[in-house]
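Shown here: upload-v3.cif, mmCIF, C-alpha atoms and all ligand atoms.
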```cif
data_start
#
loop_
_atom_site.label_atom_id
_atom_site.label_comp_id
_atom_site.auth_asym_id
_atom_site.auth_seq_id
_atom_site.Cartn_x
_atom_site.Cartn_y
_atom_site.Cartn_z
CA MET V 1 5.56 -3.29 -3.56
CA ASN V 2 7.47 -6.40 -4.65
CA TYR V 3 11.18 -6.05 -5.16
CA SER V 4 13.47 -8.50 -6.90
CA LEU V 5 17.20 -8.69 -7.46
CA SER V 6 18.85 -6.97 -10.38
CA THR V 7 17.54 -7.35 -13.89
CA GLN V 8 20.44 -5.26 -15.27
CA LYS V 9 22.66 -7.70 -17.15
CA ASP V 10 25.74 -5.50 -17.10
CA LEU V 11 25.56 -4.29 -13.49
CA HIS V 12 28.89 -4.97 -11.76
CA LEU V 13 29.64 -4.71 -8.06
CA GLU V 14 33.31 -4.88 -7.24
CA THR V 15 34.66 -4.71 -3.67
CA ILE V 16 37.57 -2.33 -3.04
CA ASP V 17 39.57 -3.18 0.10
CA ILE V 18 40.11 -0.10 2.25
CA ASP V 19 41.56 -0.27 5.75
CA GLY V 20 39.10 0.78 8.45
CA PHE V 21 36.02 0.45 6.21
CA GLU V 22 33.56 -2.40 6.45
CA ARG V 23 32.79 -2.52 2.74
CA VAL V 24 33.49 -0.26 -0.21
CA ILE V 25 31.89 -1.20 -3.52
CA LYS V 26 32.50 0.15 -6.97
CA VAL V 27 29.28 -0.10 -8.96
CA SER V 28 29.28 0.14 -12.71
CA CYS V 29 26.70 -0.31 -15.38
CA PRO V 30 28.00 0.83 -18.79
CA LYS V 31 24.58 0.46 -20.40
CA ALA V 32 23.06 2.95 -17.95
CA GLY V 33 26.18 5.16 -17.91
CA LEU V 34 26.60 4.49 -14.18
CA THR V 35 29.81 4.70 -12.19
CA SER V 36 29.16 4.84 -8.50
CA ILE V 37 30.75 4.02 -5.16
CA ILE V 38 28.92 2.81 -2.07
CA ALA V 39 31.02 3.06 1.10
CA ILE V 40 29.80 1.36 4.26
CA HIS V 41 32.15 2.62 6.96
CA SER V 42 30.82 0.86 10.05
CA ARG V 43 27.76 -1.03 11.24
CA ALA V 44 28.98 -1.33 14.84
CA LEU V 45 25.86 0.42 16.17
CA GLY V 46 23.21 -0.91 13.78
CA ASN V 47 22.89 -3.56 11.07
CA VAL V 48 21.71 -0.90 8.69
CA ALA V 49 24.11 1.85 7.59
CA LEU V 50 22.44 5.07 6.50
CA GLY V 51 23.82 7.83 4.27
CA GLY V 52 22.93 10.08 1.36
CA THR V 53 23.59 9.62 -2.34
CA ARG V 54 25.68 12.46 -3.73
CA ILE V 55 25.51 13.00 -7.50
CA GLN V 56 28.45 15.05 -8.71
CA PRO V 57 30.66 15.19 -11.82
CA TYR V 58 33.90 14.36 -9.97
CA PRO V 59 37.00 15.04 -12.09
CA SER V 60 38.33 11.53 -11.36
CA PHE V 61 37.33 8.24 -9.78
CA GLU V 62 40.04 8.77 -7.11
CA GLN V 63 38.50 12.08 -6.05
CA ALA V 64 35.07 10.50 -5.84
CA LEU V 65 36.53 7.68 -3.74
CA GLU V 66 38.26 10.12 -1.38
CA ASP V 67 35.00 12.06 -0.95
CA VAL V 68 32.79 9.05 -0.31
CA LEU V 69 35.23 7.60 2.23
CA ARG V 70 35.44 10.84 4.16
CA LEU V 71 31.68 11.39 4.06
CA SER V 72 30.83 7.82 5.11
CA ARG V 73 33.22 7.96 8.06
CA ALA V 74 31.58 11.23 9.17
CA MET V 75 28.17 9.50 8.93
CA THR V 76 29.33 6.80 11.35
CA TYR V 77 30.43 9.43 13.86
CA LYS V 78 27.32 11.52 13.28
CA ALA V 79 25.03 8.52 13.87
CA ALA V 80 27.03 7.42 16.92
CA ILE V 81 26.85 10.85 18.59
CA ALA V 82 23.17 11.38 17.68
CA GLY V 83 22.32 7.94 19.12
CA VAL V 84 20.06 6.86 16.25
CA GLY V 85 21.18 3.21 16.22
CA PHE V 86 22.39 3.16 12.61
CA GLY V 87 25.74 2.55 10.98
CA GLY V 88 27.45 5.10 8.75
CA ALA V 89 27.65 4.98 4.96
CA LYS V 90 27.50 7.18 1.89
CA SER V 91 27.31 6.75 -1.85
CA VAL V 92 28.38 8.84 -4.79
CA ILE V 93 27.30 8.69 -8.43
CA ILE V 94 29.84 10.24 -10.77
CA ALA V 95 27.58 12.28 -13.04
CA ASP V 96 26.42 15.79 -13.65
CA PRO V 97 23.02 15.98 -11.92
CA LYS V 98 21.83 18.63 -14.39
CA THR V 99 22.64 16.79 -17.62
CA GLN V 100 23.39 13.12 -16.89
CA LYS V 101 20.81 12.12 -14.30
CA ASN V 102 18.02 9.98 -15.71
CA GLU V 103 15.74 7.10 -14.76
CA GLU V 104 17.99 4.40 -16.23
CA LEU V 105 20.98 5.65 -14.23
CA LEU V 106 18.99 5.79 -10.97
CA PHE V 107 17.43 2.37 -11.59
CA ALA V 108 20.87 0.81 -12.08
CA PHE V 109 22.09 2.42 -8.86
CA ALA V 110 18.94 1.28 -7.04
CA GLU V 111 19.52 -2.30 -8.17
CA ALA V 112 23.01 -2.18 -6.65
CA VAL V 113 21.50 -0.93 -3.36
CA GLN V 114 18.98 -3.78 -3.54
CA GLN V 115 21.80 -6.32 -3.94
CA LEU V 116 23.21 -5.18 -0.59
CA GLU V 117 19.96 -6.44 1.01
CA GLY V 118 19.50 -3.61 3.50
CA ALA V 119 23.10 -3.24 4.70
CA TYR V 120 22.94 0.22 3.11
CA VAL V 121 19.96 2.61 3.00
CA CYS V 122 20.29 5.66 0.77
CA ALA V 123 18.77 9.15 1.03
CA GLU V 124 18.76 12.53 -0.67
CA ASP V 125 22.04 14.47 -0.75
CA VAL V 126 23.81 17.11 -2.84
CA GLY V 127 22.77 16.56 -6.47
CA SER V 128 19.89 14.19 -5.64
CA THR V 129 16.27 15.04 -4.87
CA LEU V 130 13.22 13.59 -3.15
CA GLU V 131 11.92 12.71 -6.64
CA ASP V 132 15.15 10.80 -7.35
CA MET V 133 14.60 8.83 -4.14
CA ALA V 134 11.06 8.02 -5.33
CA THR V 135 12.56 6.69 -8.58
CA ILE V 136 15.07 4.59 -6.61
CA ALA V 137 12.21 3.28 -4.43
CA LYS V 138 10.68 1.63 -7.51
CA LYS V 139 13.60 -0.83 -7.47
CA THR V 140 14.51 -1.09 -3.78
CA PRO V 141 12.85 -0.42 -0.41
CA PHE V 142 16.22 0.52 1.08
CA VAL V 143 15.75 4.26 0.68
CA VAL V 144 14.42 6.99 3.00
CA GLY V 145 13.02 10.45 2.39
CA THR V 146 10.82 9.49 -0.53
CA PRO V 147 7.61 11.47 -1.03
CA HIS V 148 5.04 8.95 0.27
CA ALA V 149 2.38 9.07 2.99
CA GLU V 150 4.72 7.85 5.76
CA SER V 151 7.71 9.87 4.71
CA SER V 152 9.73 12.08 7.06
CA GLY V 153 9.75 14.72 4.31
CA ASN V 154 12.43 17.34 3.78
CA PRO V 155 15.27 16.88 6.33
CA SER V 156 16.63 20.43 5.94
CA PRO V 157 14.37 22.20 8.50
CA PHE V 158 15.52 19.66 11.11
CA THR V 159 19.15 20.22 10.16
CA ALA V 160 18.57 23.97 10.43
CA TRP V 161 16.89 23.62 13.83
CA GLY V 162 19.72 21.43 15.16
CA THR V 163 22.20 24.00 13.84
CA PHE V 164 20.27 26.78 15.57
CA ARG V 165 20.36 24.84 18.87
CA GLY V 166 24.05 24.18 18.30
CA ILE V 167 24.67 27.88 17.75
CA GLN V 168 22.95 28.61 21.07
CA ALA V 169 25.18 26.06 22.84
CA THR V 170 28.28 27.48 21.16
CA LEU V 171 27.38 31.03 22.22
CA LYS V 172 26.85 29.80 25.78
CA ALA V 173 30.25 28.13 25.88
CA ARG V 174 32.04 31.04 24.19
CA PHE V 175 30.23 34.08 25.65
CA GLY V 176 28.55 32.67 28.80
CA CYS V 177 24.98 33.19 27.53
CA ASP V 178 23.09 31.22 24.88
CA SER V 179 20.99 34.10 23.57
CA VAL V 180 21.54 35.04 19.93
CA GLU V 181 19.94 38.45 20.59
CA GLY V 182 22.25 41.17 19.28
CA LYS V 183 24.93 38.70 18.17
CA THR V 184 26.41 39.18 14.70
CA ILE V 185 26.16 35.94 12.76
CA ALA V 186 27.55 35.42 9.26
CA ILE V 187 25.96 32.69 7.15
CA GLN V 188 27.85 31.27 4.17
CA GLY V 189 25.31 29.60 1.86
CA LEU V 190 21.57 30.24 1.83
CA GLY V 191 20.26 26.97 0.45
CA SER V 192 17.79 24.53 2.00
CA VAL V 193 19.50 24.74 5.41
CA GLY V 194 21.09 28.21 5.41
CA SER V 195 17.88 30.04 4.44
CA VAL V 196 15.84 28.35 7.20
CA LEU V 197 18.62 28.99 9.71
CA ALA V 198 18.62 32.67 8.73
CA ASP V 199 14.91 32.77 9.55
CA TYR V 200 15.34 31.15 12.99
CA LEU V 201 18.23 33.51 13.79
CA PHE V 202 16.34 36.59 12.63
CA TRP V 203 13.38 35.86 14.88
CA ALA V 204 15.70 35.20 17.81
CA GLY V 205 17.21 38.68 17.39
CA ALA V 206 20.53 38.09 15.62
CA LYS V 207 22.19 40.64 13.31
CA LEU V 208 22.76 38.77 10.07
CA ILE V 209 25.51 38.90 7.47
CA LEU V 210 24.63 36.84 4.40
CA SER V 211 26.49 35.42 1.42
CA ASP V 212 25.67 33.10 -1.48
CA ILE V 213 26.87 32.66 -5.04
CA ASP V 214 23.24 33.14 -6.06
CA GLN V 215 22.98 36.96 -5.97
CA LYS V 216 19.22 37.03 -6.36
CA LYS V 217 18.72 34.77 -3.37
CA VAL V 218 21.01 36.91 -1.18
CA GLU V 219 19.26 40.12 -2.20
CA ILE V 220 15.80 38.75 -1.36
CA LEU V 221 16.88 37.42 2.05
CA ALA V 222 18.98 40.50 2.88
CA LYS V 223 15.91 42.65 2.34
CA LYS V 224 13.69 40.30 4.34
CA TYR V 225 16.04 40.28 7.36
CA ARG V 226 17.70 43.68 6.90
CA ALA V 227 21.00 41.85 6.67
CA ARG V 228 24.40 42.97 5.39
CA VAL V 229 25.55 41.22 2.21
CA VAL V 230 29.17 40.13 1.87
CA ASP V 231 30.90 38.73 -1.21
CA THR V 232 31.47 34.96 -1.25
CA LYS V 233 35.25 35.51 -1.33
CA GLU V 234 35.08 37.57 1.87
CA ILE V 235 32.38 35.97 4.01
CA TRP V 236 34.63 33.53 5.89
CA LYS V 237 37.00 36.33 6.96
CA THR V 238 34.31 38.83 7.89
CA GLU V 239 34.34 40.17 11.45
CA CYS V 240 31.47 38.60 13.40
CA ASP V 241 30.65 36.81 16.65
CA LEU V 242 29.90 33.54 14.91
CA LEU V 243 30.42 32.16 11.41
CA ALA V 244 27.88 29.57 10.20
CA PRO V 245 29.25 27.69 7.16
CA CYS V 246 26.23 26.25 5.32
CA ALA V 247 27.63 25.72 1.83
CA LEU V 248 30.90 23.94 1.19
CA GLY V 249 33.26 21.57 2.93
CA GLY V 250 37.03 22.06 3.34
CA ILE V 251 36.88 25.79 4.07
CA LEU V 252 38.87 25.63 7.33
CA HIS V 253 42.60 24.97 6.89
CA SER V 254 46.07 26.40 7.45
CA GLN V 255 45.55 29.15 4.84
CA THR V 256 42.11 30.36 5.94
CA ILE V 257 42.22 29.90 9.74
CA PRO V 258 44.84 32.64 10.39
CA GLN V 259 42.60 35.11 8.52
CA LEU V 260 39.34 34.34 10.37
CA ARG V 261 37.80 37.21 12.36
CA CYS V 262 35.03 35.30 14.13
CA LYS V 263 35.01 34.08 17.72
CA ALA V 264 33.12 30.87 17.03
CA ILE V 265 32.15 28.62 14.12
CA ALA V 266 28.92 26.64 14.08
CA GLY V 267 27.26 25.71 10.81
CA ALA V 268 25.65 22.87 8.90
CA ALA V 269 28.15 22.20 6.09
CA ASN V 270 29.73 18.74 6.07
CA ASN V 271 33.51 18.33 6.42
CA GLN V 272 34.25 21.99 7.18
CA LEU V 273 37.77 21.15 8.34
CA LEU V 274 40.12 20.19 5.54
CA SER V 275 41.68 17.77 8.02
CA ASP V 276 40.97 16.92 11.66
CA LYS V 277 44.24 18.48 12.79
CA ASP V 278 43.08 21.91 11.55
CA SER V 279 40.84 21.96 14.63
CA ILE V 280 44.01 22.51 16.71
CA LEU V 281 44.72 25.69 14.73
CA LEU V 282 41.23 26.93 15.63
CA ARG V 283 41.77 26.10 19.30
CA ASN V 284 45.09 27.96 19.28
CA ARG V 285 43.22 31.02 18.02
CA SER V 286 40.48 30.64 20.70
CA ILE V 287 37.86 30.15 17.99
CA LEU V 288 35.28 27.74 19.38
CA TYR V 289 34.37 25.20 16.70
CA ALA V 290 31.17 23.11 16.72
CA PRO V 291 32.16 19.79 15.10
CA ASP V 292 30.02 19.56 11.98
CA PHE V 293 29.06 15.93 12.41
CA VAL V 294 27.53 16.83 15.80
CA ILE V 295 25.72 20.06 14.96
CA ASN V 296 24.28 19.02 11.58
CA ALA V 297 22.73 15.70 12.69
CA GLY V 298 19.12 16.97 12.64
CA GLY V 299 18.49 15.75 9.09
CA LEU V 300 19.88 12.29 9.82
CA ILE V 301 17.82 12.09 13.03
CA ASN V 302 14.70 12.91 11.02
CA VAL V 303 15.20 10.48 8.12
CA ALA V 304 16.27 7.73 10.54
CA ALA V 305 12.97 8.16 12.40
CA GLU V 306 11.15 7.06 9.23
CA LEU V 307 12.38 3.50 9.78
CA GLU V 308 11.20 3.17 13.39
CA ILE V 309 8.85 0.24 13.92
CA ASN V 310 5.94 2.49 15.01
CA GLY V 311 6.31 4.77 12.00
CA TYR V 312 7.60 8.30 11.66
CA ASP V 313 6.91 10.67 14.56
CA PRO V 314 8.08 14.29 14.12
CA LEU V 315 7.87 14.88 17.88
CA LEU V 316 10.58 12.27 18.47
CA SER V 317 12.75 13.81 15.76
CA ARG V 318 12.27 17.25 17.28
CA GLN V 319 13.22 16.01 20.76
CA LYS V 320 16.38 14.28 19.54
CA THR V 321 17.35 17.29 17.42
CA HIS V 322 16.85 19.53 20.47
CA GLU V 323 19.41 17.44 22.34
CA ILE V 324 22.20 18.65 20.04
CA TYR V 325 22.42 21.63 22.44
CA ASP V 326 23.36 19.43 25.44
CA THR V 327 25.60 17.14 23.40
CA LEU V 328 27.66 20.10 22.21
CA LEU V 329 27.96 21.55 25.71
CA THR V 330 29.25 18.16 26.92
CA ILE V 331 31.82 18.08 24.10
CA TYR V 332 32.97 21.63 24.90
CA GLU V 333 33.33 20.68 28.57
CA ILE V 334 35.38 17.56 27.78
CA ALA V 335 37.59 19.53 25.36
CA GLU V 336 38.23 22.17 28.01
CA LYS V 337 39.02 19.62 30.71
CA LYS V 338 41.35 17.61 28.48
CA GLN V 339 42.86 20.66 26.79
CA GLN V 340 41.88 19.20 23.40
CA SER V 341 40.30 20.67 20.32
CA THR V 342 36.54 20.23 20.15
CA GLN V 343 36.96 18.00 17.07
CA GLU V 344 39.29 15.70 19.03
CA ALA V 345 36.83 15.57 21.93
CA ALA V 346 33.89 14.78 19.60
CA LEU V 347 35.85 12.09 17.74
CA ALA V 348 36.91 10.51 21.05
CA LEU V 349 33.29 10.46 22.25
CA ALA V 350 32.10 8.86 19.00
CA SER V 351 34.94 6.29 19.09
CA TYR V 352 34.07 5.39 22.68
CA ARG V 353 30.44 4.78 21.72
CA LEU V 354 31.47 2.66 18.76
CA ARG V 355 33.98 0.61 20.75
CA TYR V 356 31.57 -0.15 23.61
CA GLY V 357 28.38 -0.34 21.58
CA VAL V 358 26.74 2.63 23.30
CA GLY V 359 23.41 3.29 21.59
CA LYS V 360 23.54 0.07 19.55
CA ARG V 361 20.16 -0.63 18.00
CA THR V 362 18.09 -3.38 19.56
CA ALA V 363 14.66 -2.19 18.37
CA PRO V 364 13.56 -3.60 15.01
CA LEU V 365 13.13 -1.49 11.87
CA ARG V 366 10.34 -1.20 9.37
CA PHE V 367 10.85 -0.16 5.74
CA PRO V 368 7.77 1.89 4.74
CA CYS V 369 8.39 1.36 1.01
CA LEU V 370 7.63 -2.33 1.57
CA THR V 371 4.18 -1.50 2.92
CA VAL V 372 2.94 1.53 0.98
P1 LIG V 401 21.95 23.52 -0.82
O1 LIG V 401 22.59 23.00 -2.05
O2 LIG V 401 20.46 23.65 -0.74
O3 LIG V 401 22.54 24.98 -0.47
C1 LIG V 401 23.86 25.33 -0.59
C2 LIG V 401 23.90 26.83 -0.84
O4 LIG V 401 25.25 27.25 -0.82
C3 LIG V 401 23.33 27.23 -2.19
O5 LIG V 401 22.41 28.31 -2.04
C4 LIG V 401 24.56 27.65 -2.99
O6 LIG V 401 24.27 28.64 -3.95
C5 LIG V 401 25.46 28.16 -1.89
N1 LIG V 401 26.88 28.21 -2.21
C6 LIG V 401 27.59 27.37 -2.98
N2 LIG V 401 28.88 27.76 -3.04
C7 LIG V 401 28.98 28.87 -2.26
C8 LIG V 401 30.04 29.73 -1.90
N3 LIG V 401 31.26 29.57 -2.36
N4 LIG V 401 29.76 30.77 -1.07
C9 LIG V 401 28.52 30.99 -0.60
N5 LIG V 401 27.47 30.20 -0.92
C10 LIG V 401 27.70 29.15 -1.73
O7 LIG V 401 22.52 22.61 0.38
P2 LIG V 401 21.89 22.42 1.82
O8 LIG V 401 21.00 21.23 1.81
O9 LIG V 401 21.40 23.72 2.32
O10 LIG V 401 23.20 21.97 2.64
C11 LIG V 401 24.18 22.92 2.99
C12 LIG V 401 25.35 22.20 3.62
O11 LIG V 401 24.90 21.47 4.77
C13 LIG V 401 26.03 21.15 2.71
O12 LIG V 401 27.40 21.11 3.02
C14 LIG V 401 25.37 19.86 3.14
O13 LIG V 401 26.20 18.74 2.89
C15 LIG V 401 25.21 20.10 4.63
N6 LIG V 401 24.15 19.31 5.24
C16 LIG V 401 22.88 19.44 4.80
C17 LIG V 401 21.87 18.69 5.40
C18 LIG V 401 20.43 18.82 4.97
O14 LIG V 401 19.53 18.34 5.70
N7 LIG V 401 20.14 19.46 3.84
C19 LIG V 401 22.18 17.80 6.44
C20 LIG V 401 23.50 17.72 6.89
C21 LIG V 401 24.48 18.47 6.27
#
```

Turn the structure described in the file into structure tokens.
Amino acid sequence: MNYSLSTQKDLHLETIDIDGFERVIKVSCPKAGLTSIIAIHSRALGNVALGGTRIQPYPSFEQALEDVLRLSRAMTYKAAIAGVGFGGAKSVIIADPKTQKNEELLFAFAEAVQQLEGAYVCAEDVGSTLEDMATIAKKTPFVVGTPHAESSGNPSPFTAWGTFRGIQATLKARFGCDSVEGKTIAIQGLGSVGSVLADYLFWAGAKLILSDIDQKKVEILAKKYRARVVDTKEIWKTECDLLAPCALGGILHSQTIPQLRCKAIAGAANNQLLSDKDSILLRNRSILYAPDFVINAGGLINVAAELEINGYDPLLSRQKTHEIYDTLLTIYEIAEKKQQSTQEAALALASYRLRYGVGKRTAPLRFPCLTV
């Protein structure tokens, strides 16, 4: 496909200076009803920064900015720890995905991505779909996870598998054995990741406690896995061996942590800690926490593989996702030795890799949308 620069006359890209971020751009296109922010946090480990496009009706521009900054920083750390050779970025479109998402809006956003000439590659995220990525791909090749012949497909099963492996590592560090057999595991959120994780855990012998705002979904899965159902207001404080947050961010903070009745936390949700320092509260309560940007990297590993020069290979993605187990055990060991929280240990490891260029990409990339 041939791509050209923007044809949108009223597309504006305006740089916002933010300390510690490589580039933050406010994108607006009044004609298309677009207000968006693209945040490139760091490209220290790869010329291309990868991160999803979140479509959400944020109450204010400031809240959208805060979210995109936090998410893009986490992408840098996630990519650094997973060793994929990409930088970290994220984008948000301030819109209701149910009522305001349309082709014109996505085209305008895509043209902004195209203007960045590959510094940023977008992907599916909360509020956006594979079909939306296909729409974006009509205007720019700098998008992954589109439904084409060379696509990596749905990232969620890889995220779920990485989370499962991370749960095994967390059980090993907390209980001395990595078997989930007979362990009581509470899952908050049974969406694309949580429902697949429930399946992996069921077959490995776990006793499941399930919760979701979608009552029908919970009932179906509770029957399937003979699980206990707990109300969404109670799930995070339910007594269990391990809590797996797979819905929302910001659930772990000074108000909720004292009420937790789990011994470990390992789930896929992004930004589970309201702030990094909340990890110290968890450590003080001997609750072992799997840093989210380490355990939920399976999806990133899989979409990143789509850009490898030899084309997408699910076996490579599986191998790298498998390694989340060892990475987490290393982080737990460092945290124990240094008497730090696991979040501090993971952040220190990511910062070390970024500072010294560990895992920096040397292999070239190939953008499948340019060839299919
Ligand atoms: P999803 O939207 O498919 O599922 C989220 C589920 O959580 C839905 O079933 C929703 O009904 C439920 N939910 C919402 N609020 C809830 C609440 N208060 N209590 C209980 N359940 C609630 O999302 P997903 O793709 O499964 O992702 C889940 C989390 O994992 C998100 O935080 C996402 O950012 C993160 N994550 C996902 C991937 C991926 O590959 N999909 C990768 C990395 C991180």

Could you give me, as a Markdown table, every region 190-300 of chain V residue with an atom at most 12 Å from region 69-90 of chain V, plus its closest atom pair and distance in Å to one decimal, counting all atoms listed in the file, rows ordered by chain then number?
```
| residue | atom | partner | partner_atom | distance |
| --- | --- | --- | --- | --- |
| V:Gly249 | CA | V:Leu71 | CA | 10.4 |
| V:Gly250 | CA | V:Arg70 | CA | 11.4 |
| V:Ala269 | CA | V:Leu71 | CA | 11.6 |
| V:Asn270 | CA | V:Leu71 | CA | 7.9 |
| V:Asn271 | CA | V:Leu71 | CA | 7.6 |
| V:Gln272 | CA | V:Ala74 | CA | 11.3 |
| V:Leu273 | CA | V:Arg70 | CA | 11.4 |
| V:Leu274 | CA | V:Arg70 | CA | 10.5 |
| V:Ser275 | CA | V:Arg70 | CA | 10.1 |
| V:Asp276 | CA | V:Arg70 | CA | 11.1 |
| V:Pro291 | CA | V:Lys78 | CA | 9.8 |
| V:Asp292 | CA | V:Lys78 | CA | 8.6 |
| V:Phe293 | CA | V:Lys78 | CA | 4.8 |
| V:Val294 | CA | V:Lys78 | CA | 5.9 |
| V:Ile295 | CA | V:Lys78 | CA | 8.8 |
| V:Asn296 | CA | V:Lys78 | CA | 8.3 |
| V:Ala297 | CA | V:Lys78 | CA | 6.2 |
| V:Gly298 | CA | V:Ala82 | CA | 8.5 |
| V:Gly299 | CA | V:Lys78 | CA | 10.6 |
| V:Leu300 | CA | V:Ala79 | CA | 7.6 |
```

(message) Using all atoms listed in the file, which residues of the polymer chains come no farther than 8 Å from ligand LIG 401 (chain V)? I'd like the answer as an MDAnalysis selection string.
(response) chainID V and resid 125:127 154:160 188:195 211:214 217 232:233 235 245:249 267:271 296:300

Store the residues picked out above, limited to C-alpha atoms, as a PDB file, keeping the file's coordinate frame.
```pdb
ATOM      1  CA  ASP V 125      22.040  14.470  -0.750  1.00  0.00           C
ATOM      2  CA  VAL V 126      23.810  17.110  -2.840  1.00  0.00           C
ATOM      3  CA  GLY V 127      22.770  16.560  -6.470  1.00  0.00           C
ATOM      4  CA  ASN V 154      12.430  17.340   3.780  1.00  0.00           C
ATOM      5  CA  PRO V 155      15.270  16.880   6.330  1.00  0.00           C
ATOM      6  CA  SER V 156      16.630  20.430   5.940  1.00  0.00           C
ATOM      7  CA  PRO V 157      14.370  22.200   8.500  1.00  0.00           C
ATOM      8  CA  PHE V 158      15.520  19.660  11.110  1.00  0.00           C
ATOM      9  CA  THR V 159      19.150  20.220  10.160  1.00  0.00           C
ATOM     10  CA  ALA V 160      18.570  23.970  10.430  1.00  0.00           C
ATOM     11  CA  GLN V 188      27.850  31.270   4.170  1.00  0.00           C
ATOM     12  CA  GLY V 189      25.310  29.600   1.860  1.00  0.00           C
ATOM     13  CA  LEU V 190      21.570  30.240   1.830  1.00  0.00           C
ATOM     14  CA  GLY V 191      20.260  26.970   0.450  1.00  0.00           C
ATOM     15  CA  SER V 192      17.790  24.530   2.000  1.00  0.00           C
ATOM     16  CA  VAL V 193      19.500  24.740   5.410  1.00  0.00           C
ATOM     17  CA  GLY V 194      21.090  28.210   5.410  1.00  0.00           C
ATOM     18  CA  SER V 195      17.880  30.040   4.440  1.00  0.00           C
ATOM     19  CA  SER V 211      26.490  35.420   1.420  1.00  0.00           C
ATOM     20  CA  ASP V 212      25.670  33.100  -1.480  1.00  0.00           C
ATOM     21  CA  ILE V 213      26.870  32.660  -5.040  1.00  0.00           C
ATOM     22  CA  ASP V 214      23.240  33.140  -6.060  1.00  0.00           C
ATOM     23  CA  LYS V 217      18.720  34.770  -3.370  1.00  0.00           C
ATOM     24  CA  THR V 232      31.470  34.960  -1.250  1.00  0.00           C
ATOM     25  CA  LYS V 233      35.250  35.510  -1.330  1.00  0.00           C
ATOM     26  CA  ILE V 235      32.380  35.970   4.010  1.00  0.00           C
ATOM     27  CA  PRO V 245      29.250  27.690   7.160  1.00  0.00           C
ATOM     28  CA  CYS V 246      26.230  26.250   5.320  1.00  0.00           C
ATOM     29  CA  ALA V 247      27.630  25.720   1.830  1.00  0.00           C
ATOM     30  CA  LEU V 248      30.900  23.940   1.190  1.00  0.00           C
ATOM     31  CA  GLY V 249      33.260  21.570   2.930  1.00  0.00           C
ATOM     32  CA  GLY V 267      27.260  25.710  10.810  1.00  0.00           C
ATOM     33  CA  ALA V 268      25.650  22.870   8.900  1.00  0.00           C
ATOM     34  CA  ALA V 269      28.150  22.200   6.090  1.00  0.00           C
ATOM     35  CA  ASN V 270      29.730  18.740   6.070  1.00  0.00           C
ATOM     36  CA  ASN V 271      33.510  18.330   6.420  1.00  0.00           C
ATOM     37  CA  ASN V 296      24.280  19.020  11.580  1.00  0.00           C
ATOM     38  CA  ALA V 297      22.730  15.700  12.690  1.00  0.00           C
ATOM     39  CA  GLY V 298      19.120  16.970  12.640  1.00  0.00           C
ATOM     40  CA  GLY V 299      18.490  15.750   9.090  1.00  0.00           C
ATOM     41  CA  LEU V 300      19.880  12.290   9.820  1.00  0.00           C
TER      42      LEU V 300
END
```

(request) Name all residues at most 12 Å from Ala169 (chain V) (count all atoms listed in the file; drop same-chain ones fewer than 5 positions away) and give them as a ChimeraX atom specification. (result) /V:162-164,174-180,242,264-266,288-290,294-295,322-333

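Shortest separation to Leu197 (chain V) among V:Gly153, V:Gly52, V:Gly182, V:Gly166 occurs at residue V:Gly166, atoms counted being only C-alpha atoms.
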
(request) Provide the CA of Lys9 (chain V) to CA of Ala137 (chain V) distance in Å, to one decimal place. (result)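 Going from CA of Lys9 (chain V) over to CA of Ala137 (chain V) covers 19.8 Å.
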
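Proximity of V:Lys207, V:Asn310, V:Leu315, V:Ala346 to Ala363 (chain V), computed with only C-alpha atoms, is greatest for V:Asn310.
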
Using all atoms listed in the file, find each residue in region 237-317 of chain V having at least one atom no more than 8 Å away from region 145-152 of chain V; report its shortest atom-to-atom pair and that distance in Å (one decimal), rows by chain then rising number, as a tab-separated table.
```
residue	atom	partner	partner_atom	distance
V:Asn302	CA	V:Ser152	CA	6.4
V:Val303	CA	V:Ser152	CA	5.8
V:Ala305	CA	V:Ser152	CA	7.4
V:Glu306	CA	V:Ser152	CA	5.7
V:Gly311	CA	V:Glu150	CA	7.1
V:Tyr312	CA	V:Ser152	CA	6.3
V:Pro314	CA	V:Ser152	CA	7.6
```
